[in-house]
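Source file structure36.pdb; content: PDB, C-alpha atoms.
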MODEL        1
ATOM      1  CA  MET A  28     -73.003 -80.422 181.642  1.00  0.00           C
ATOM      2  CA  ALA A  29     -75.648 -80.369 178.894  1.00  0.00           C
ATOM      3  CA  LYS A  30     -74.716 -78.685 175.653  1.00  0.00           C
ATOM      4  CA  THR A  31     -76.442 -75.368 174.912  1.00  0.00           C
ATOM      5  CA  LYS A  32     -77.666 -74.827 171.378  1.00  0.00           C
ATOM      6  CA  LEU A  33     -75.885 -71.989 169.621  1.00  0.00           C
ATOM      7  CA  SER A  34     -77.960 -69.080 168.390  1.00  0.00           C
ATOM      8  CA  VAL A  35     -77.421 -67.008 165.248  1.00  0.00           C
ATOM      9  CA  ILE A  36     -75.912 -64.341 167.527  1.00  0.00           C
ATOM     10  CA  ASP A  37     -73.477 -66.911 168.974  1.00  0.00           C
ATOM     11  CA  LEU A  38     -72.459 -67.976 165.469  1.00  0.00           C
ATOM     12  CA  LEU A  39     -71.959 -64.371 164.378  1.00  0.00           C
ATOM     13  CA  LYS A  40     -69.788 -63.708 167.446  1.00  0.00           C
ATOM     14  CA  MET A  41     -67.721 -66.821 166.680  1.00  0.00           C
ATOM     15  CA  LYS A  42     -67.168 -65.543 163.139  1.00  0.00           C
ATOM     16  CA  ARG A  43     -66.216 -62.068 164.330  1.00  0.00           C
ATOM     17  CA  ASP A  44     -63.811 -63.563 166.897  1.00  0.00           C
ATOM     18  CA  GLY A  45     -62.215 -65.835 164.300  1.00  0.00           C
ATOM     19  CA  GLU A  46     -63.431 -68.997 166.029  1.00  0.00           C
ATOM     20  CA  LYS A  47     -63.978 -72.119 163.966  1.00  0.00           C
ATOM     21  CA  ALA A  48     -67.380 -73.789 163.846  1.00  0.00           C
ATOM     22  CA  SER A  49     -67.738 -77.532 163.407  1.00  0.00           C
ATOM     23  CA  TRP A  50     -70.315 -78.778 160.885  1.00  0.00           C
ATOM     24  CA  LEU A  51     -71.433 -82.160 159.698  1.00  0.00           C
ATOM     25  CA  THR A  52     -74.003 -83.260 157.163  1.00  0.00           C
ATOM     26  CA  ALA A  53     -76.492 -85.662 158.716  1.00  0.00           C
ATOM     27  CA  TYR A  54     -79.560 -87.398 157.354  1.00  0.00           C
ATOM     28  CA  ASP A  55     -80.700 -89.548 160.274  1.00  0.00           C
ATOM     29  CA  TYR A  56     -81.232 -89.835 164.015  1.00  0.00           C
ATOM     30  CA  PRO A  57     -78.149 -91.927 164.913  1.00  0.00           C
ATOM     31  CA  THR A  58     -75.709 -89.664 163.066  1.00  0.00           C
ATOM     32  CA  ALA A  59     -77.279 -86.580 164.636  1.00  0.00           C
ATOM     33  CA  ARG A  60     -77.149 -88.166 168.095  1.00  0.00           C
ATOM     34  CA  PHE A  61     -73.453 -89.013 167.752  1.00  0.00           C
ATOM     35  CA  ALA A  62     -72.705 -85.532 166.391  1.00  0.00           C
ATOM     36  CA  GLU A  63     -74.417 -83.866 169.329  1.00  0.00           C
ATOM     37  CA  GLU A  64     -72.630 -86.103 171.816  1.00  0.00           C
ATOM     38  CA  ALA A  65     -69.351 -85.167 170.118  1.00  0.00           C
ATOM     39  CA  GLY A  66     -70.165 -81.478 170.621  1.00  0.00           C
ATOM     40  CA  LEU A  67     -70.488 -80.345 167.010  1.00  0.00           C
ATOM     41  CA  ASP A  68     -71.797 -76.815 166.570  1.00  0.00           C
ATOM     42  CA  MET A  69     -74.100 -77.318 163.584  1.00  0.00           C
ATOM     43  CA  LEU A  70     -75.678 -79.984 161.421  1.00  0.00           C
ATOM     44  CA  LEU A  71     -76.804 -79.615 157.826  1.00  0.00           C
ATOM     45  CA  VAL A  72     -79.511 -81.831 156.431  1.00  0.00           C
ATOM     46  CA  GLY A  73     -78.593 -81.499 152.781  1.00  0.00           C
ATOM     47  CA  ASP A  74     -80.559 -82.347 149.681  1.00  0.00           C
ATOM     48  CA  SER A  75     -77.546 -84.535 148.931  1.00  0.00           C
ATOM     49  CA  LEU A  76     -79.648 -87.106 150.781  1.00  0.00           C
ATOM     50  CA  GLY A  77     -80.991 -87.824 147.304  1.00  0.00           C
ATOM     51  CA  MET A  78     -77.737 -89.509 146.339  1.00  0.00           C
ATOM     52  CA  CYS A  79     -76.577 -90.663 149.783  1.00  0.00           C
ATOM     53  CA  VAL A  80     -79.850 -92.151 151.036  1.00  0.00           C
ATOM     54  CA  TYR A  81     -82.114 -92.680 148.028  1.00  0.00           C
ATOM     55  CA  GLY A  82     -79.604 -93.516 145.312  1.00  0.00           C
ATOM     56  CA  TYR A  83     -80.717 -90.758 142.937  1.00  0.00           C
ATOM     57  CA  GLU A  84     -78.230 -89.540 140.353  1.00  0.00           C
ATOM     58  CA  GLY A  85     -78.492 -85.989 141.699  1.00  0.00           C
ATOM     59  CA  THR A  86     -80.432 -83.690 143.988  1.00  0.00           C
ATOM     60  CA  VAL A  87     -83.174 -82.554 141.601  1.00  0.00           C
ATOM     61  CA  PRO A  88     -85.636 -85.412 142.398  1.00  0.00           C
ATOM     62  CA  VAL A  89     -85.519 -84.732 146.159  1.00  0.00           C
ATOM     63  CA  THR A  90     -88.875 -83.548 147.508  1.00  0.00           C
ATOM     64  CA  MET A  91     -89.800 -81.179 150.302  1.00  0.00           C
ATOM     65  CA  ASP A  92     -91.430 -84.078 152.149  1.00  0.00           C
ATOM     66  CA  GLN A  93     -88.212 -86.120 152.002  1.00  0.00           C
ATOM     67  CA  CYS A  94     -86.165 -83.202 153.324  1.00  0.00           C
ATOM     68  CA  ILE A  95     -88.643 -82.570 156.130  1.00  0.00           C
ATOM     69  CA  VAL A  96     -88.698 -86.207 157.257  1.00  0.00           C
ATOM     70  CA  HIS A  97     -84.905 -86.314 157.445  1.00  0.00           C
ATOM     71  CA  CYS A  98     -84.755 -82.962 159.242  1.00  0.00           C
ATOM     72  CA  GLN A  99     -87.260 -84.248 161.808  1.00  0.00           C
ATOM     73  CA  ALA A 100     -85.076 -87.292 162.478  1.00  0.00           C
ATOM     74  CA  VAL A 101     -81.964 -85.135 162.821  1.00  0.00           C
ATOM     75  CA  ARG A 102     -83.757 -82.709 165.161  1.00  0.00           C
ATOM     76  CA  ARG A 103     -84.838 -85.600 167.394  1.00  0.00           C
ATOM     77  CA  GLY A 104     -81.264 -86.883 167.466  1.00  0.00           C
ATOM     78  CA  ALA A 105     -79.708 -83.482 168.143  1.00  0.00           C
ATOM     79  CA  PRO A 106     -82.155 -81.282 170.044  1.00  0.00           C
ATOM     80  CA  ARG A 107     -79.372 -79.000 171.335  1.00  0.00           C
ATOM     81  CA  THR A 108     -77.501 -78.530 168.059  1.00  0.00           C
ATOM     82  CA  PHE A 109     -78.114 -75.778 165.483  1.00  0.00           C
ATOM     83  CA  VAL A 110     -79.700 -77.543 162.497  1.00  0.00           C
ATOM     84  CA  ILE A 111     -79.924 -76.170 158.963  1.00  0.00           C
ATOM     85  CA  GLY A 112     -82.340 -77.722 156.469  1.00  0.00           C
ATOM     86  CA  ASP A 113     -81.599 -77.577 152.757  1.00  0.00           C
ATOM     87  CA  MET A 114     -84.603 -76.420 150.749  1.00  0.00           C
ATOM     88  CA  PRO A 115     -84.971 -78.688 147.719  1.00  0.00           C
ATOM     89  CA  PHE A 116     -85.080 -77.780 144.053  1.00  0.00           C
ATOM     90  CA  MET A 117     -88.164 -75.751 143.025  1.00  0.00           C
ATOM     91  CA  SER A 118     -89.196 -74.997 146.606  1.00  0.00           C
ATOM     92  CA  TYR A 119     -88.002 -71.390 146.267  1.00  0.00           C
ATOM     93  CA  GLN A 120     -87.110 -70.775 142.615  1.00  0.00           C
ATOM     94  CA  LYS A 121     -90.566 -69.755 141.336  1.00  0.00           C
ATOM     95  CA  SER A 122     -91.261 -66.620 143.389  1.00  0.00           C
ATOM     96  CA  ASP A 123     -90.536 -64.769 146.605  1.00  0.00           C
ATOM     97  CA  GLU A 124     -93.997 -65.729 147.859  1.00  0.00           C
ATOM     98  CA  ASP A 125     -93.430 -69.437 147.219  1.00  0.00           C
ATOM     99  CA  ALA A 126     -90.049 -69.158 148.926  1.00  0.00           C
ATOM    100  CA  VAL A 127     -91.613 -67.685 152.078  1.00  0.00           C
ATOM    101  CA  VAL A 128     -94.478 -70.188 152.202  1.00  0.00           C
ATOM    102  CA  ASN A 129     -92.174 -73.170 151.656  1.00  0.00           C
ATOM    103  CA  ALA A 130     -89.546 -71.921 154.109  1.00  0.00           C
ATOM    104  CA  GLY A 131     -92.291 -71.437 156.699  1.00  0.00           C
ATOM    105  CA  ARG A 132     -93.639 -74.941 156.119  1.00  0.00           C
ATOM    106  CA  PHE A 133     -90.121 -76.340 156.276  1.00  0.00           C
ATOM    107  CA  LEU A 134     -89.362 -74.640 159.596  1.00  0.00           C
ATOM    108  CA  LYS A 135     -92.728 -75.463 161.175  1.00  0.00           C
ATOM    109  CA  GLU A 136     -92.711 -79.135 160.255  1.00  0.00           C
ATOM    110  CA  SER A 137     -89.037 -79.955 160.666  1.00  0.00           C
ATOM    111  CA  MET A 138     -88.126 -77.658 163.586  1.00  0.00           C
ATOM    112  CA  VAL A 139     -84.799 -76.696 162.014  1.00  0.00           C
ATOM    113  CA  ASP A 140     -83.094 -73.474 163.087  1.00  0.00           C
ATOM    114  CA  ALA A 141     -82.452 -72.181 159.572  1.00  0.00           C
ATOM    115  CA  VAL A 142     -83.122 -73.002 155.943  1.00  0.00           C
ATOM    116  CA  LYS A 143     -80.439 -73.131 153.259  1.00  0.00           C
ATOM    117  CA  LEU A 144     -80.876 -71.806 149.737  1.00  0.00           C
ATOM    118  CA  GLU A 145     -78.505 -72.410 146.865  1.00  0.00           C
ATOM    119  CA  GLY A 146     -77.431 -69.560 144.644  1.00  0.00           C
ATOM    120  CA  GLY A 147     -76.079 -66.048 144.761  1.00  0.00           C
ATOM    121  CA  ARG A 148     -77.550 -62.935 143.206  1.00  0.00           C
ATOM    122  CA  ARG A 149     -80.343 -64.834 141.496  1.00  0.00           C
ATOM    123  CA  VAL A 150     -81.916 -65.751 144.860  1.00  0.00           C
ATOM    124  CA  ILE A 151     -81.250 -62.543 146.774  1.00  0.00           C
ATOM    125  CA  THR A 152     -84.890 -61.426 146.672  1.00  0.00           C
ATOM    126  CA  ARG A 153     -85.919 -64.874 147.967  1.00  0.00           C
ATOM    127  CA  ILE A 154     -83.465 -64.639 150.852  1.00  0.00           C
ATOM    128  CA  LYS A 155     -84.632 -61.130 151.727  1.00  0.00           C
ATOM    129  CA  ALA A 156     -88.298 -62.188 151.638  1.00  0.00           C
ATOM    130  CA  ILE A 157     -87.634 -65.149 153.936  1.00  0.00           C
ATOM    131  CA  LEU A 158     -85.589 -62.981 156.312  1.00  0.00           C
ATOM    132  CA  ASP A 159     -88.311 -60.316 156.298  1.00  0.00           C
ATOM    133  CA  ALA A 160     -90.792 -63.031 157.321  1.00  0.00           C
ATOM    134  CA  GLY A 161     -88.673 -63.657 160.431  1.00  0.00           C
ATOM    135  CA  MET A 162     -86.808 -66.789 159.403  1.00  0.00           C
ATOM    136  CA  VAL A 163     -83.078 -67.500 159.404  1.00  0.00           C
ATOM    137  CA  VAL A 164     -81.427 -68.257 156.053  1.00  0.00           C
ATOM    138  CA  CYS A 165     -78.072 -69.800 155.241  1.00  0.00           C
ATOM    139  CA  GLY A 166     -76.915 -69.044 151.717  1.00  0.00           C
ATOM    140  CA  HIS A 167     -74.772 -71.317 149.567  1.00  0.00           C
ATOM    141  CA  ILE A 168     -72.653 -69.664 146.907  1.00  0.00           C
ATOM    142  CA  GLY A 169     -69.776 -70.925 144.813  1.00  0.00           C
ATOM    143  CA  LEU A 170     -70.084 -74.303 143.125  1.00  0.00           C
ATOM    144  CA  THR A 171     -73.699 -75.214 143.617  1.00  0.00           C
ATOM    145  CA  PRO A 172     -74.698 -78.851 143.057  1.00  0.00           C
ATOM    146  CA  ARG A 173     -77.990 -78.155 141.295  1.00  0.00           C
ATOM    147  CA  GLY A 174     -76.294 -75.579 139.082  1.00  0.00           C
ATOM    148  CA  ALA A 175     -73.632 -78.129 138.158  1.00  0.00           C
ATOM    149  CA  GLU A 176     -76.338 -80.716 137.451  1.00  0.00           C
ATOM    150  CA  ALA A 177     -78.100 -78.309 135.116  1.00  0.00           C
ATOM    151  CA  ALA A 178     -74.903 -77.369 133.310  1.00  0.00           C
ATOM    152  CA  PHE A 179     -73.227 -80.769 133.125  1.00  0.00           C
ATOM    153  CA  GLY A 180     -75.879 -83.347 133.909  1.00  0.00           C
ATOM    154  CA  ALA A 181     -75.999 -85.567 136.997  1.00  0.00           C
ATOM    155  CA  THR A 182     -72.919 -87.647 137.651  1.00  0.00           C
TER     156      THR A 182
ENDMDL
END

As structure tokens, please, write out the structure in this file.
Amino acid sequence: MAKTKLSVIDLLKMKRDGEKASWLTAYDYPTARFAEEAGLDMLLVGDSLGMCVYGYEGTVPVTMDQCIVHCQAVRRGAPRTFVIGDMPFMSYQKSDEDAVVNAGRFLKESMVDAVKLEGGRRVITRIKAILDAGMVVCGHIGLTPRGAEAAFGAT
């Protein structure tokens, strides 16, 4: 039986019911394909691709175009898996308007199911603006890689 892609409502129900969700970070078609065949619930295409794929010292140099290309490959490999694309540094930090435009471009070109933003209170207006524009957002709070890079330098 073919796997059915989970929706945001399905994920919310899983959370409410105390069910675990399986995630994996993927940057390419083969990994995404194997993950879908294994039945994972979600895939994240993280800006950590900067270090893992491109050999950068951190995530700051990663571009929107790089993230989109990797998201496209993951989507092709896992068409029935919920995919989250990590919005890169400076794609949403400047203004709510930039955040909405860039999130829209990201979703249209990469066909991900949600975008991920890093930060807590400082990005709440960005998240609200993107949500108000009809897009799904995954927030990332706690230790945030770009925040650590800024505070301590890339490792």

With all atoms listed in the file as the basis for distance, which of A:Asp125, A:Glu63, A:Glu46, A:Asp37 is at the shortest distance from A:Arg103?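 Closest residue, counting all atoms listed in the file: A:Glu63.
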
Suppose a student applies the PyMOL selection byres ((chain A and resi 74-87) around 6) to this structure; what residues should they get, written as a PDB file with C-alpha atoms, in the coordinates of the input?
ATOM      1  CA  GLY A  73     -78.593 -81.499 152.781  1.00  0.00           C
ATOM      2  CA  PRO A  88     -85.636 -85.412 142.398  1.00  0.00           C
ATOM      3  CA  VAL A  89     -85.519 -84.732 146.159  1.00  0.00           C
ATOM      4  CA  ASP A 113     -81.599 -77.577 152.757  1.00  0.00           C
ATOM      5  CA  PHE A 116     -85.080 -77.780 144.053  1.00  0.00           C
ATOM      6  CA  ALA A 181     -75.999 -85.567 136.997  1.00  0.00           C
TER       7      ALA A 181
END

Counting all atoms listed in the file, closest pick from A:Ser122, A:Val35, A:Lys47, A:Val101 relative to A:Val164 is A:Val35

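From atom CA of A:Ala62 back to atom CA of A:Asp44, the distance works out to 23.7 Å.
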
Smallest atom-to-atom distance to A:Val127: which of A:Thr58, A:Ser34, A:Thr152, A:Ser49, using all atoms listed in the file?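 That would be A:Thr152, the residue with the smallest distance to A:Val127.
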
Answer key for the PyMOL selection byres ((chain A and resi 100) around 12), residues as a PDB file with C-alpha atoms, in the coordinates of the input:
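As a result, result_11.pdb now contains:
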ATOM      1  CA  ALA A  53     -76.492 -85.662 158.716  1.00  0.00           C
ATOM      2  CA  TYR A  54     -79.560 -87.398 157.354  1.00  0.00           C
ATOM      3  CA  ASP A  55     -80.700 -89.548 160.274  1.00  0.00           C
ATOM      4  CA  TYR A  56     -81.232 -89.835 164.015  1.00  0.00           C
ATOM      5  CA  PRO A  57     -78.149 -91.927 164.913  1.00  0.00           C
ATOM      6  CA  THR A  58     -75.709 -89.664 163.066  1.00  0.00           C
ATOM      7  CA  ALA A  59     -77.279 -86.580 164.636  1.00  0.00           C
ATOM      8  CA  ARG A  60     -77.149 -88.166 168.095  1.00  0.00           C
ATOM      9  CA  LEU A  70     -75.678 -79.984 161.421  1.00  0.00           C
ATOM     10  CA  VAL A  72     -79.511 -81.831 156.431  1.00  0.00           C
ATOM     11  CA  GLN A  93     -88.212 -86.120 152.002  1.00  0.00           C
ATOM     12  CA  CYS A  94     -86.165 -83.202 153.324  1.00  0.00           C
ATOM     13  CA  ILE A  95     -88.643 -82.570 156.130  1.00  0.00           C
ATOM     14  CA  VAL A  96     -88.698 -86.207 157.257  1.00  0.00           C
ATOM     15  CA  HIS A  97     -84.905 -86.314 157.445  1.00  0.00           C
ATOM     16  CA  CYS A  98     -84.755 -82.962 159.242  1.00  0.00           C
ATOM     17  CA  GLN A  99     -87.260 -84.248 161.808  1.00  0.00           C
ATOM     18  CA  VAL A 101     -81.964 -85.135 162.821  1.00  0.00           C
ATOM     19  CA  ARG A 102     -83.757 -82.709 165.161  1.00  0.00           C
ATOM     20  CA  ARG A 103     -84.838 -85.600 167.394  1.00  0.00           C
ATOM     21  CA  GLY A 104     -81.264 -86.883 167.466  1.00  0.00           C
ATOM     22  CA  ALA A 105     -79.708 -83.482 168.143  1.00  0.00           C
ATOM     23  CA  PRO A 106     -82.155 -81.282 170.044  1.00  0.00           C
ATOM     24  CA  VAL A 110     -79.700 -77.543 162.497  1.00  0.00           C
ATOM     25  CA  GLY A 112     -82.340 -77.722 156.469  1.00  0.00           C
ATOM     26  CA  GLU A 136     -92.711 -79.135 160.255  1.00  0.00           C
ATOM     27  CA  SER A 137     -89.037 -79.955 160.666  1.00  0.00           C
ATOM     28  CA  MET A 138     -88.126 -77.658 163.586  1.00  0.00           C
ATOM     29  CA  VAL A 139     -84.799 -76.696 162.014  1.00  0.00           C
TER      30      VAL A 139
END

Which residue is closest to A:Ala156? Choose from A:Leu51, A:Leu144, A:Asp123, A:Arg132 and count all atoms listed in the file. A:Asp123

Distance query A:Leu38 at most 12 Å, only C-alpha atoms, self and fewer than 5 positions along chain excluded, as a PyMOL selection string: chain A and resi 32-33+43-50+68-69+108-109+165

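Atom CA of A:Arg148 is found 23.1 Å from atom CA of A:Met91.
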
Mind giving me the axis-aligned box for stretch 51-70 of chain A with 5 Å on every side, centre plus edges in Å to one decimal, as JSON?
{"center_x": -75.3, "center_y": -84.4, "center_z": 164.5, "size_x": 21.9, "size_y": 25.1, "size_z": 24.7}

For the structure shown, which residues end up in the PyMOL selection byres ((chain A and resi 157) around 9)? Put them as a PyMOL selection string, please? chain A and resi 123-124+126-128+130-131+152-156+158-164
